[in-house]
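Below: one structure, written as structure tokens.
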Amino acid sequence: MADRTIEARDQHPLRRYSNVAVTFHWLTVALVLFQLWLGFSFADLAQGPRRTDLFTWHRTIGAVILLVAIARLTYRLMNPPPPYPPELPAWERAAGTWNHRLFYLLLIAIPIGGLLAVSGHTEGPTITLLGGVQIPKVPGISKDFGELAANIHVLAVWLLILLMALHVAAALKHQFIDRNRAAGRMPPFRDPVDEPVVIGQGSAARSED
Ligand code: HEM
């Protein structure tokens, strides 16, 4: 069956992501970069107040990333993205689509892995976030299972970093080397053809066909 999400359409003007999608995108970038810094910072520290603080931040930002990813995925499923421009070869469209799908998967799986890992070594029934906010831990997680979840969590983070490197390299290549119109669909990237762009996401885009 053909994958409709990699289909391209000739566009005049170029259709771009909606303001909601753009806000979700750059909010996710900020949260993920901060979370990576937190994760790598506390991991190497000896037990102490600084480590405890950074770990509390890490748990809290993880919970926020999970909520934002679920809200974003819900929005994305209800509002299909703007079509790819035809200048982008089919293999790059397929690679981009699968890169994005894996991002959504990892943005949900990584925090859940972290929650399972923390549940494995938390004594009481709840996990403490910033401001003393308590969330229930996942009951019945053994220490061993928690450690397995922690190892998978770290592996998945390295996969996310690899995908981010590919994703950013592709966006910069499209915009500045190929000078095609793919990246211009995500502001503040611009359409190199320099036509005005229109929001091309969701049902409005489909009804313009
Ligand atoms: C500075 C870093 C980043 C840049 C410059 C960037 C750039 C872009 C651009 C230009 C697009 C539109 C291109 C297309 O749809 O093919 C895009 C889409 C997307 N980006 Fe990024 N991105 C960055 C970081 C991230 C990160 C960290 C994530 C998630 C972990 C992410 C997830 C996505 C997703 C899921 C889409 C597709 C949106 C959708 O269809 O729902 N990006 N990005």
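Just so we're on the same page: first chain in the structure tokens is A, next is B, and so on; residues restart at 1 for each chain, and ligands are numbered from 1 in the order they show up.
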
* Residues up to 9 Å from ligand 1, counting only C-alpha atoms and all ligand atoms: could you list those as a PyMOL selection string? => chain A and resi 16-17+21-22+24-26+28-33+72-73+75-77+79-84+92-93+96-97+99-104+106-107+160-161+163-165+167-172+174-175+182-189

* Residue set, chain A restricted to strand (DSSP E), as a list in words -> Arg15, Arg16, Thr126, Ile127, Thr128, Gln134, Ile135, Pro136, Val198 and Ile199 of chain A

* To do: Extract, using only C-alpha atoms, all DNA, RNA and protein residues at most 8 Å from segment 113-116 of chain A, discarding same-chain residues fewer than 2 positions from it, and format them as a count of residues only.
  => 16

* To do: Please indicate the distance in Å from atom CA of Pro125 of chain A to atom CA of Ala71 of chain A, rounded to one decimal place.
  =>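 Those two atoms sit 26.6 Å apart.
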
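Between Asp10 of chain A and the residues A:Arg181, A:Arg51, A:His121, A:Arg190, the shortest atom-to-atom distance, using only C-alpha atoms, involves A:Arg181.
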
* To do: Between A:Val154, A:Leu162, A:Ile199, A:Ala95, single out the one closest to Ala117 of chain A, counting only C-alpha atoms.
  =>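 Answer, going by the shortest atom-to-atom distance: A:Val154.
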
* Exercise: Leu36 of chain A partners within 9 Å, only C-alpha atoms, chain neighbours under 5 positions left out, as JSON, numbers by chain -> {"A": [31, 41, 58, 157]}

Go ahead and save the picked residues with C-alpha atoms, as a PDB file, in the first residue's frame.
ATOM      1  CA  LEU A  31      12.982  20.768  26.586  1.00  0.00           C
ATOM      2  CA  SER A  41      25.263  16.338  34.297  1.00  0.00           C
ATOM      3  CA  HIS A  58      15.428  15.571  35.323  1.00  0.00           C
ATOM      4  CA  VAL A 157      18.618   8.408  24.488  1.00  0.00           C
TER       5      VAL A 157
END

* Would you mind telling me which residue in A:Lys173, A:Thr60, A:Val197, A:Val68 lies nearest to Ile135 of chain A when using only C-alpha atoms? => A:Thr60

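When only C-alpha atoms are used to compute distances to Trp98 of chain A, the closest of the residues A:Val64, A:Asp194, A:Gly202, A:Asp3 turns out to be A:Asp3.
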
* Asked: Interatomic distance between atom CA of Asp191 of chain A and atom CA of Gln11 of chain A?
  ->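 About the pair atom CA of Asp191 of chain A and atom CA of Gln11 of chain A: they are 11.3 Å apart.
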
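Using only C-alpha atoms for every distance, the candidate list A:Leu148, A:Leu166, A:Leu27, A:Ile6 yields A:Ile6 as the residue closest to Pro89 of chain A.
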
* Neighbours of Phe42 of chain A within 9 Å (only C-alpha atoms; same-chain residues fewer than 6 positions away dropped), as a list in words? -> Arg50, Arg51, Thr52, Asp53, Leu54, Phe55 and His58 of chain A

May I have the selected residues written with N, CA and C atoms, as a PDB file, in the first residue's frame?
ATOM      1  N   ARG A  50      23.665  18.452  45.190  1.00  0.00           N
ATOM      2  CA  ARG A  50      23.645  18.923  43.786  1.00  0.00           C
ATOM      3  C   ARG A  50      23.062  17.824  42.881  1.00  0.00           C
ATOM      4  N   ARG A  51      23.474  16.579  43.121  1.00  0.00           N
ATOM      5  CA  ARG A  51      22.972  15.465  42.318  1.00  0.00           C
ATOM      6  C   ARG A  51      21.463  15.296  42.546  1.00  0.00           C
ATOM      7  N   THR A  52      21.051  15.382  43.818  1.00  0.00           N
ATOM      8  CA  THR A  52      19.622  15.233  44.149  1.00  0.00           C
ATOM      9  C   THR A  52      18.799  16.283  43.414  1.00  0.00           C
ATOM     10  N   ASP A  53      19.312  17.538  43.428  1.00  0.00           N
ATOM     11  CA  ASP A  53      18.606  18.648  42.765  1.00  0.00           C
ATOM     12  C   ASP A  53      18.462  18.409  41.266  1.00  0.00           C
ATOM     13  N   LEU A  54      19.589  18.070  40.626  1.00  0.00           N
ATOM     14  CA  LEU A  54      19.568  17.872  39.167  1.00  0.00           C
ATOM     15  C   LEU A  54      18.673  16.690  38.802  1.00  0.00           C
ATOM     16  N   PHE A  55      18.674  15.670  39.649  1.00  0.00           N
ATOM     17  CA  PHE A  55      17.848  14.484  39.363  1.00  0.00           C
ATOM     18  C   PHE A  55      16.353  14.826  39.499  1.00  0.00           C
ATOM     19  N   HIS A  58      15.475  16.545  36.434  1.00  0.00           N
ATOM     20  CA  HIS A  58      15.428  15.571  35.323  1.00  0.00           C
ATOM     21  C   HIS A  58      14.095  14.815  35.327  1.00  0.00           C
TER      22      HIS A  58
END

* Asked: Could you pull out the helix (DSSP H, G or I) residues of segment 3-191 of chain A from DSSP and send them as a ChimeraX atom specification?
  -> /A:4-6,19-43,49-78,90-121,130-132,143-177,183-185

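If only C-alpha atoms are the atoms counted, then among A:Thr122, A:Thr128, A:Asn19, A:Ala46 the closest residue to Ser142 of chain A is A:Thr122.
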